[in-house]
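Asker: File follows, query14.pdb with PDB, C-alpha atoms:
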ATOM      1  CA  GLU A  27      -8.336   5.730  -4.350
ATOM      2  CA  VAL A  28      -4.900   6.710  -5.599
ATOM      3  CA  GLN A  29      -2.227   4.106  -4.928
ATOM      4  CA  LEU A  30       1.394   3.762  -5.943
ATOM      5  CA  VAL A  31       3.167   0.460  -5.422
ATOM      6  CA  GLU A  32       6.896   0.130  -6.053
ATOM      7  CA  SER A  33       8.711  -3.127  -6.678
ATOM      8  CA  GLY A  34      11.991  -4.394  -8.049
ATOM      9  CA  GLY A  35      14.384  -3.439  -5.291
ATOM     10  CA  GLY A  36      16.965  -5.826  -3.947
ATOM     11  CA  LEU A  37      20.649  -6.563  -3.508
ATOM     12  CA  VAL A  38      22.928  -5.893  -6.466
ATOM     13  CA  GLN A  39      26.686  -5.794  -6.859
ATOM     14  CA  PRO A  40      28.487  -2.568  -7.756
ATOM     15  CA  GLY A  41      28.352  -2.109 -11.499
ATOM     16  CA  GLY A  42      25.171  -4.130 -11.734
ATOM     17  CA  SER A  43      21.689  -3.193 -12.934
ATOM     18  CA  LEU A  44      18.203  -3.124 -11.498
ATOM     19  CA  ARG A  45      14.821  -2.077 -12.807
ATOM     20  CA  LEU A  46      12.323  -0.536 -10.439
ATOM     21  CA  SER A  47       8.615  -0.446 -11.178
ATOM     22  CA  CYS A  48       5.852   1.744  -9.845
ATOM     23  CA  ALA A  49       2.306   0.592 -10.514
ATOM     24  CA  ALA A  50      -0.310   3.315 -10.311
ATOM     25  CA  SER A  51      -4.007   2.899  -9.635
ATOM     26  CA  GLY A  52      -6.853   5.319  -9.071
ATOM     27  CA  PHE A  53      -5.636   7.683 -11.778
ATOM     28  CA  THR A  54      -4.155   7.494 -15.262
ATOM     29  CA  LEU A  55      -0.499   8.253 -15.887
ATOM     30  CA  SER A  56      -1.330  10.054 -19.109
ATOM     31  CA  SER A  57      -2.667  12.928 -17.019
ATOM     32  CA  ASN A  58       0.313  13.256 -14.690
ATOM     33  CA  SER A  59       4.029  13.689 -14.643
ATOM     34  CA  MET A  60       5.750  11.270 -12.259
ATOM     35  CA  THR A  61       8.809  11.381 -10.070
ATOM     36  CA  TRP A  62      11.358   9.128  -8.382
ATOM     37  CA  VAL A  63      12.803  10.274  -5.046
ATOM     38  CA  ARG A  64      15.332   8.322  -2.991
ATOM     39  CA  GLN A  65      16.530   8.236   0.586
ATOM     40  CA  ALA A  66      19.811   6.659   1.590
ATOM     41  CA  PRO A  67      19.757   4.861   4.957
ATOM     42  CA  GLY A  68      19.602   7.422   7.756
ATOM     43  CA  LYS A  69      19.840  10.314   5.291
ATOM     44  CA  GLY A  70      17.588  12.915   3.762
ATOM     45  CA  LEU A  71      15.445  12.923   0.653
ATOM     46  CA  GLU A  72      16.903  13.332  -2.829
ATOM     47  CA  TRP A  73      14.988  13.982  -6.035
ATOM     48  CA  VAL A  74      16.194  11.549  -8.713
ATOM     49  CA  ALA A  75      14.151  11.872 -11.902
ATOM     50  CA  ASN A  76      10.984  13.235 -13.487
ATOM     51  CA  ILE A  77       9.042  12.130 -16.528
ATOM     52  CA  HIS A  78       6.522  14.483 -18.072
ATOM     53  CA  GLN A  79       3.018  13.269 -18.743
ATOM     54  CA  ASP A  80       3.886  13.248 -22.462
ATOM     55  CA  GLY A  81       6.520  10.627 -21.701
ATOM     56  CA  ILE A  82       9.071  12.568 -23.701
ATOM     57  CA  GLU A  83      10.509  15.204 -21.407
ATOM     58  CA  LYS A  84      12.734  13.611 -18.770
ATOM     59  CA  LYS A  85      14.921  15.203 -16.121
ATOM     60  CA  TYR A  86      17.598  13.679 -13.899
ATOM     61  CA  VAL A  87      19.793  14.662 -11.008
ATOM     62  CA  ASP A  88      23.387  14.972 -12.200
ATOM     63  CA  SER A  89      24.629  12.015 -10.167
ATOM     64  CA  VAL A  90      22.450   9.523 -12.097
ATOM     65  CA  ARG A  91      22.263  11.083 -15.567
ATOM     66  CA  GLY A  92      23.605   8.639 -18.132
ATOM     67  CA  ARG A  93      23.167   5.666 -15.786
ATOM     68  CA  PHE A  94      19.456   5.793 -14.907
ATOM     69  CA  THR A  95      16.520   5.952 -17.291
ATOM     70  CA  ILE A  96      12.971   6.816 -16.328
ATOM     71  CA  SER A  97      10.166   5.534 -18.528
ATOM     72  CA  ARG A  98       6.467   4.825 -18.500
ATOM     73  CA  ASP A  99       4.042   2.305 -19.930
ATOM     74  CA  TYR A 100       0.543   3.677 -20.376
ATOM     75  CA  THR A 101      -0.924   0.210 -21.002
ATOM     76  CA  GLN A 102       0.398  -0.980 -17.628
ATOM     77  CA  ASN A 103      -0.235   2.397 -15.961
ATOM     78  CA  SER A 104       3.279   2.120 -14.572
ATOM     79  CA  ILE A 105       6.559   3.951 -14.511
ATOM     80  CA  TYR A 106      10.011   2.459 -14.324
ATOM     81  CA  LEU A 107      13.526   3.356 -13.311
ATOM     82  CA  GLN A 108      16.216   1.415 -15.105
ATOM     83  CA  MET A 109      19.382   1.707 -13.057
ATOM     84  CA  ASN A 110      22.682   0.696 -14.620
ATOM     85  CA  ASN A 111      26.269   0.769 -13.400
ATOM     86  CA  LEU A 112      25.070   0.994  -9.813
ATOM     87  CA  ARG A 113      27.339   2.442  -7.176
ATOM     88  CA  ALA A 114      27.429   2.107  -3.406
ATOM     89  CA  GLU A 115      26.057   5.650  -3.105
ATOM     90  CA  ASP A 116      22.916   4.625  -5.031
ATOM     91  CA  ALA A 117      21.820   2.427  -2.128
ATOM     92  CA  ALA A 118      18.555   3.858  -0.848
ATOM     93  CA  VAL A 119      14.843   3.455  -0.509
ATOM     94  CA  TYR A 120      13.359   4.576  -3.819
ATOM     95  CA  TYR A 121       9.929   6.190  -3.809
ATOM     96  CA  CYS A 122       7.727   7.021  -6.748
ATOM     97  CA  ALA A 123       5.528  10.047  -6.272
ATOM     98  CA  ARG A 124       2.725  11.750  -8.127
ATOM     99  CA  PRO A 125       2.861  15.540  -8.453
ATOM    100  CA  GLY A 126      -0.896  15.977  -8.202
ATOM    101  CA  ARG A 127      -1.318  19.158  -6.165
ATOM    102  CA  CYS A 128      -0.754  22.060  -8.532
ATOM    103  CA  SER A 129      -0.466  25.781  -7.958
ATOM    104  CA  GLY A 130       1.119  28.598  -9.908
ATOM    105  CA  GLY A 131       2.454  26.334 -12.616
ATOM    106  CA  ARG A 132       4.116  23.837 -10.296
ATOM    107  CA  CYS A 133       2.796  20.489  -9.135
ATOM    108  CA  TYR A 134       3.735  19.068  -5.764
ATOM    109  CA  TRP A 135       3.910  15.401  -4.791
ATOM    110  CA  ASP A 136       0.731  14.498  -2.958
ATOM    111  CA  TYR A 137       0.829  10.708  -3.285
ATOM    112  CA  TRP A 138       3.843   8.492  -2.613
ATOM    113  CA  GLY A 139       4.430   4.792  -2.746
ATOM    114  CA  GLN A 140       5.731   2.808   0.208
ATOM    115  CA  GLY A 141       9.226   2.644  -1.274
ATOM    116  CA  THR A 142      11.480  -0.164  -2.445
ATOM    117  CA  LEU A 143      14.952  -0.764  -0.997
ATOM    118  CA  VAL A 144      17.999  -0.978  -3.212
ATOM    119  CA  THR A 145      21.192  -2.317  -1.657
ATOM    120  CA  VAL A 146      24.467  -2.087  -3.575
ATOM    121  CA  SER A 147      27.146  -4.296  -2.127
ATOM    122  CA  SER A 148      29.600  -6.989  -3.104
TER     123      SER A 148
ATOM    124  CA  ILE B  14      19.636  25.650  -5.609
ATOM    125  CA  GLN B  15      20.614  24.801  -2.049
ATOM    126  CA  LEU B  16      18.071  24.749   0.752
ATOM    127  CA  THR B  17      19.290  25.145   4.318
ATOM    128  CA  GLN B  18      16.941  24.222   7.125
ATOM    129  CA  SER B  19      17.335  25.334  10.694
ATOM    130  CA  PRO B  20      17.518  23.974  13.186
ATOM    131  CA  SER B  21      18.688  20.516  12.147
ATOM    132  CA  SER B  22      17.116  19.101  15.282
ATOM    133  CA  LEU B  23      14.761  20.437  17.860
ATOM    134  CA  SER B  24      13.326  19.289  21.181
ATOM    135  CA  ALA B  25       9.960  20.649  22.187
ATOM    136  CA  SER B  26       7.022  19.841  24.422
ATOM    137  CA  VAL B  27       3.457  18.995  23.541
ATOM    138  CA  GLY B  28       1.409  22.171  23.252
ATOM    139  CA  HIS B  29       4.346  24.385  22.385
ATOM    140  CA  ARG B  30       4.818  26.357  19.189
ATOM    141  CA  VAL B  31       7.608  25.419  16.844
ATOM    142  CA  ILE B  32       9.079  27.304  13.899
ATOM    143  CA  ILE B  33      11.327  25.672  11.298
ATOM    144  CA  THR B  34      13.052  27.819   8.709
ATOM    145  CA  CYS B  35      14.230  27.039   5.199
ATOM    146  CA  ARG B  36      16.571  29.356   3.327
ATOM    147  CA  ALA B  37      17.186  29.071  -0.410
ATOM    148  CA  SER B  38      20.476  29.998  -2.053
ATOM    149  CA  GLN B  39      18.560  31.993  -4.676
ATOM    150  CA  ASP B  40      15.090  33.358  -5.299
ATOM    151  CA  ILE B  41      12.573  30.525  -5.697
ATOM    152  CA  SER B  42       9.434  32.682  -5.569
ATOM    153  CA  THR B  43       6.881  30.566  -3.695
ATOM    154  CA  PHE B  44       7.749  27.237  -5.328
ATOM    155  CA  LEU B  45       8.338  25.491  -2.045
ATOM    156  CA  ALA B  46       6.671  22.663  -0.151
ATOM    157  CA  TRP B  47       6.971  21.162   3.300
ATOM    158  CA  TYR B  48       6.837  17.436   4.038
ATOM    159  CA  GLN B  49       6.578  15.453   7.236
ATOM    160  CA  GLN B  50       8.185  12.028   7.452
ATOM    161  CA  GLN B  51       7.631   9.496  10.181
ATOM    162  CA  PRO B  52      10.259   6.747  10.611
ATOM    163  CA  GLY B  53       9.902   4.037   8.001
ATOM    164  CA  LYS B  54       7.135   5.895   6.176
ATOM    165  CA  ALA B  55       6.842   7.865   2.969
ATOM    166  CA  PRO B  56       6.851  11.658   3.217
ATOM    167  CA  LYS B  57       3.520  13.392   3.663
ATOM    168  CA  LEU B  58       2.687  16.709   2.012
ATOM    169  CA  LEU B  59       1.801  19.409   4.536
ATOM    170  CA  ILE B  60       2.171  22.746   2.751
ATOM    171  CA  TYR B  61       2.647  23.601  -0.926
ATOM    172  CA  ALA B  62       3.206  26.823  -2.815
ATOM    173  CA  ALA B  63       4.867  28.061   0.396
ATOM    174  CA  SER B  64       1.651  28.714   2.284
ATOM    175  CA  THR B  65      -1.218  26.527   1.032
ATOM    176  CA  LEU B  66      -2.355  23.900   3.485
ATOM    177  CA  GLN B  67      -2.787  20.470   1.921
ATOM    178  CA  SER B  68      -6.256  19.013   2.244
ATOM    179  CA  GLY B  69      -6.681  16.999   5.439
ATOM    180  CA  VAL B  70      -3.682  18.523   7.214
ATOM    181  CA  PRO B  71      -4.527  20.065  10.609
ATOM    182  CA  SER B  72      -4.732  23.843  10.725
ATOM    183  CA  ARG B  73      -2.025  24.008  13.403
ATOM    184  CA  PHE B  74       0.414  23.707  10.496
ATOM    185  CA  SER B  75       1.104  26.851   8.511
ATOM    186  CA  GLY B  76       3.701  28.055   6.055
ATOM    187  CA  SER B  77       4.915  31.441   4.970
ATOM    188  CA  GLY B  78       7.610  33.145   2.971
ATOM    189  CA  SER B  79       8.697  33.927  -0.544
ATOM    190  CA  GLY B  80      11.920  34.540  -2.383
ATOM    191  CA  THR B  81      14.635  32.970  -0.243
ATOM    192  CA  ASP B  82      13.206  32.733   3.282
ATOM    193  CA  PHE B  83      10.443  30.395   4.373
ATOM    194  CA  THR B  84       8.999  29.119   7.617
ATOM    195  CA  LEU B  85       6.902  26.191   8.769
ATOM    196  CA  THR B  86       5.034  26.835  11.994
ATOM    197  CA  ILE B  87       3.313  24.264  14.168
ATOM    198  CA  SER B  88       1.142  26.283  16.516
ATOM    199  CA  SER B  89       0.538  23.705  19.225
ATOM    200  CA  LEU B  90       2.548  20.505  19.045
ATOM    201  CA  GLN B  91       0.693  17.226  19.254
ATOM    202  CA  PRO B  92       2.280  13.838  19.998
ATOM    203  CA  GLU B  93       1.870  12.733  16.374
ATOM    204  CA  ASP B  94       3.869  15.746  15.134
ATOM    205  CA  PHE B  95       7.189  14.405  16.335
ATOM    206  CA  ALA B  96       8.851  13.512  13.056
ATOM    207  CA  THR B  97      11.345  14.825  10.511
ATOM    208  CA  TYR B  98      10.375  17.782   8.342
ATOM    209  CA  TYR B  99      11.756  18.639   4.908
ATOM    210  CA  CYS B 100      11.389  21.625   2.638
ATOM    211  CA  VAL B 101      11.771  21.166  -1.119
ATOM    212  CA  GLN B 102      12.043  23.640  -3.978
ATOM    213  CA  LEU B 103      10.351  23.148  -7.335
ATOM    214  CA  ASN B 104      11.518  26.417  -8.838
ATOM    215  CA  SER B 105      14.057  24.782 -11.145
ATOM    216  CA  TYR B 106      15.768  21.485 -11.874
ATOM    217  CA  PRO B 107      17.314  19.726 -10.135
ATOM    218  CA  PHE B 108      14.651  19.874  -7.470
ATOM    219  CA  THR B 109      16.342  19.962  -4.091
ATOM    220  CA  PHE B 110      15.390  19.181  -0.519
ATOM    221  CA  GLY B 111      16.586  20.742   2.665
ATOM    222  CA  GLN B 112      18.629  18.468   4.919
ATOM    223  CA  GLY B 113      15.702  17.922   7.259
ATOM    224  CA  THR B 114      14.715  18.996  10.759
ATOM    225  CA  ARG B 115      14.224  16.284  13.334
ATOM    226  CA  LEU B 116      11.594  17.238  15.888
ATOM    227  CA  GLU B 117      11.821  15.307  19.140
ATOM    228  CA  ILE B 118       9.811  15.195  22.325
ATOM    229  CA  LYS B 119      11.256  17.154  25.217
TER     230      LYS B 119
END
Show me this structure written as structure tokens.

Answerer:
Amino acid sequence: EVQLVESGGGLVQPGGSLRLSCAASGFTLSSNSMTWVRQAPGKGLEWVANIHQDGIEKKYVDSVRGRFTISRDYTQNSIYLQMNNLRAEDAAVYYCARPGRCSGGRCYWDYWGQGTLVTVSS
Amino acid sequence: IQLTQSPSSLSASVGHRVIITCRASQDISTFLAWYQQQPGKAPKLLIYAASTLQSGVPSRFSGSGSGTDFTLTISSLQPEDFATYYCVQLNSYPFTFGQGTRLEIK
């Protein structure tokens, strides 16, 4: 059974750092790209970052590029989101998602974790 | 690419048909998916590639469209369908979501 479990969220001051983890089971990361999506309290969904299954190609939304880094560890079957210089607008529930349903050259997120809450406040 | 959903909120009764639209600011072919989100839960994939029903999703859900105009139809609303619905485009980076449509019980 495919499972994604996020951890690492918490309260951090503006300008601080946090590292989120997403542990995958039921499949191997080497066969999938992975994604982070976030949702600010009471707001909609926002795509944050993608890492290709090769671990090399990475994409970010403009608002986090240069501050966030997505990475993966094949030995731990996990992905990470290192978040630096956090701002109030980064406060959100962060979900990792697996784009496992593919069609026409695109893969759609079919499995999601339960999310981890990041609060940015002094 | 901006996605605009309409309506932003909707009240409907059990058994009724509901149509939610999603308009893209440029041609995205059929690289669009629909998600359902219940409060406090992760999104759930309903439709991908604009019109393909995800495995395990009831057949009362259907999707259509291509290019810039897309629709999600729920043919006969059930109590468990009251939730927020999002479209998302995977045509090009950055991937973008619509603002969401909140479906409430009338």

Asker: Kindly provide, as a CSV table (one decimal) with C-alpha atoms, keeping the file's coordinate frame, the polymer residues lying within 9 Å of (13.7, 18.1, 17.5), counting all atoms listed in the file and using the coordinates exactly as they appear in the file.

Answerer:
chain,number,residue,atom,x,y,z
B,20,PRO,CA,17.5,24.0,13.2
B,21,SER,CA,18.7,20.5,12.1
B,22,SER,CA,17.1,19.1,15.3
B,23,LEU,CA,14.8,20.4,17.9
B,24,SER,CA,13.3,19.3,21.2
B,25,ALA,CA,10.0,20.6,22.2
B,95,PHE,CA,7.2,14.4,16.3
B,96,ALA,CA,8.9,13.5,13.1
B,97,THR,CA,11.3,14.8,10.5
B,114,THR,CA,14.7,19.0,10.8
B,115,ARG,CA,14.2,16.3,13.3
B,116,LEU,CA,11.6,17.2,15.9
B,117,GLU,CA,11.8,15.3,19.1
B,118,ILE,CA,9.8,15.2,22.3
B,119,LYS,CA,11.3,17.2,25.2

Asker: Can you work out the spacing between atom CA of Gly53 of chain B and atom CA of Val70 of chain B in Å, to one decimal?

Answerer: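 If I compute the distance from atom CA of Gly53 of chain B to atom CA of Val70 of chain B, I get 19.9 Å.
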
Asker: Given the ChimeraX specification (/A :<6) & /B and the file above, list the residues it selects as a PyMOL selection string.

Answerer: chain B and resi 55+58+107+112

Asker: Residues as selected, C-alpha atoms, written as an mmCIF file, in the frame of the given file, can you do that?

Answerer:
data_model
loop_
_atom_site.group_PDB
_atom_site.id
_atom_site.type_symbol
_atom_site.label_atom_id
_atom_site.label_comp_id
_atom_site.auth_asym_id
_atom_site.auth_seq_id
_atom_site.Cartn_x
_atom_site.Cartn_y
_atom_site.Cartn_z
ATOM 1 C CA ALA B 55 6.842 7.865 2.969
ATOM 2 C CA LEU B 58 2.687 16.709 2.012
ATOM 3 C CA PRO B 107 17.314 19.726 -10.135
ATOM 4 C CA GLN B 112 18.629 18.468 4.919
#

Asker: Report as an mmCIF file with C-alpha atoms, keeping the file's coordinate frame all protein, DNA and RNA residues lying within 12 Å of Ser38 of chain B, evaluated on only C-alpha atoms, omitting residues in the same chain fewer than 4 positions from it.

Answerer:
data_model
loop_
_atom_site.group_PDB
_atom_site.id
_atom_site.type_symbol
_atom_site.label_atom_id
_atom_site.label_comp_id
_atom_site.auth_asym_id
_atom_site.auth_seq_id
_atom_site.Cartn_x
_atom_site.Cartn_y
_atom_site.Cartn_z
ATOM 1 C CA ILE B 14 19.636 25.650 -5.609
ATOM 2 C CA GLN B 15 20.614 24.801 -2.049
ATOM 3 C CA LEU B 16 18.071 24.749 0.752
ATOM 4 C CA THR B 17 19.290 25.145 4.318
ATOM 5 C CA GLN B 18 16.941 24.222 7.125
ATOM 6 C CA SER B 42 9.434 32.682 -5.569
ATOM 7 C CA GLY B 80 11.920 34.540 -2.383
ATOM 8 C CA THR B 81 14.635 32.970 -0.243
ATOM 9 C CA ASP B 82 13.206 32.733 3.282
ATOM 10 C CA PHE B 83 10.443 30.395 4.373
ATOM 11 C CA GLN B 102 12.043 23.640 -3.978
ATOM 12 C CA ASN B 104 11.518 26.417 -8.838
ATOM 13 C CA THR B 109 16.342 19.962 -4.091
ATOM 14 C CA GLY B 111 16.586 20.742 2.665
#

Asker: Counting only C-alpha atoms, which of B:Ser89, B:Thr84, B:Ser68, B:Ser26 gets nearest to Ala46 of chain B?

Answerer: B:Thr84

Asker: To test your reading of the syntax: which residues would the PyMOL selection byres ((chain A and resi 77) around 10) return for the file shown? Reply as a ChimeraX atom specification.

Answerer: /A:58-62,75-76,78-86,95-98,105-106

Asker: Give me, as a ChimeraX atom specification, all polymer residues having an atom no more than 10 Å from Phe94 of chain A, counting all atoms listed in the file and skipping those fewer than 3 positions away in the same chain.

Answerer: /A:43-45,74-75,86-87,89-91,97,107-112

Asker: Looking at A:Gln102, A:Ser33, A:Ser47, A:Ser57, which one is nearest to Thr142 of chain A, with distances taken over all atoms listed in the file?

Answerer: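 Result for the nearest residue to Thr142 of chain A: A:Ser33.
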
Asker: Give me, please, the distance in Å between atom CA of Ser51 of chain A and atom CA of Tyr100 of chain A, quoted to one decimal.

Answerer: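 Separation of atom CA of Ser51 of chain A and atom CA of Tyr100 of chain A: 11.7 Å.
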
Asker: Please output segment 62-75 of chain B, rebuilt to include N, CA, C and O atoms, as a JSON list (two decimals), in the coordinates of the input.

Answerer:
[["chain", "number", "residue", "atom", "x", "y", "z"],
["B", 62, "ALA", "N", 3.19, 25.43, -2.37],
["B", 62, "ALA", "CA", 3.21, 26.82, -2.82],
["B", 62, "ALA", "C", 3.49, 27.75, -1.64],
["B", 62, "ALA", "O", 2.88, 28.82, -1.50],
["B", 63, "ALA", "N", 4.36, 27.31, -0.76],
["B", 63, "ALA", "CA", 4.87, 28.06, 0.40],
["B", 63, "ALA", "C", 3.87, 28.22, 1.54],
["B", 63, "ALA", "O", 4.28, 28.21, 2.71],
["B", 64, "SER", "N", 2.58, 28.36, 1.21],
["B", 64, "SER", "CA", 1.65, 28.71, 2.28],
["B", 64, "SER", "C", 0.29, 28.04, 2.19],
["B", 64, "SER", "O", -0.58, 28.32, 3.02],
["B", 65, "THR", "N", 0.08, 27.18, 1.21],
["B", 65, "THR", "CA", -1.22, 26.53, 1.03],
["B", 65, "THR", "C", -1.25, 25.21, 1.79],
["B", 65, "THR", "O", -0.41, 24.33, 1.57],
["B", 66, "LEU", "N", -2.21, 25.09, 2.67],
["B", 66, "LEU", "CA", -2.36, 23.90, 3.48],
["B", 66, "LEU", "C", -2.94, 22.76, 2.65],
["B", 66, "LEU", "O", -3.99, 22.92, 2.02],
["B", 67, "GLN", "N", -2.28, 21.64, 2.65],
["B", 67, "GLN", "CA", -2.79, 20.47, 1.92],
["B", 67, "GLN", "C", -4.08, 19.99, 2.58],
["B", 67, "GLN", "O", -4.23, 20.03, 3.82],
["B", 68, "SER", "N", -4.99, 19.53, 1.76],
["B", 68, "SER", "CA", -6.26, 19.01, 2.24],
["B", 68, "SER", "C", -6.04, 17.91, 3.29],
["B", 68, "SER", "O", -5.21, 17.01, 3.10],
["B", 69, "GLY", "N", -6.77, 18.02, 4.40],
["B", 69, "GLY", "CA", -6.68, 17.00, 5.44],
["B", 69, "GLY", "C", -5.61, 17.23, 6.48],
["B", 69, "GLY", "O", -5.56, 16.53, 7.49],
["B", 70, "VAL", "N", -4.75, 18.21, 6.25],
["B", 70, "VAL", "CA", -3.68, 18.52, 7.21],
["B", 70, "VAL", "C", -4.25, 19.48, 8.27],
["B", 70, "VAL", "O", -4.91, 20.46, 7.93],
["B", 71, "PRO", "N", -3.97, 19.21, 9.54],
["B", 71, "PRO", "CA", -4.53, 20.07, 10.61],
["B", 71, "PRO", "C", -4.10, 21.52, 10.47],
["B", 71, "PRO", "O", -2.98, 21.82, 10.04],
["B", 72, "SER", "N", -4.97, 22.40, 10.88],
["B", 72, "SER", "CA", -4.73, 23.84, 10.72],
["B", 72, "SER", "C", -3.65, 24.38, 11.66],
["B", 72, "SER", "O", -3.25, 25.54, 11.54],
["B", 73, "ARG", "N", -3.15, 23.55, 12.57],
["B", 73, "ARG", "CA", -2.02, 24.01, 13.40],
["B", 73, "ARG", "C", -0.72, 24.14, 12.60],
["B", 73, "ARG", "O", 0.23, 24.76, 13.06],
["B", 74, "PHE", "N", -0.72, 23.56, 11.40],
["B", 74, "PHE", "CA", 0.41, 23.71, 10.50],
["B", 74, "PHE", "C", 0.17, 24.91, 9.59],
["B", 74, "PHE", "O", -0.91, 25.09, 9.03],
["B", 75, "SER", "N", 1.19, 25.73, 9.44],
["B", 75, "SER", "CA", 1.10, 26.85, 8.51],
["B", 75, "SER", "C", 2.48, 27.14, 7.92],
["B", 75, "SER", "O", 3.52, 26.85, 8.53]]
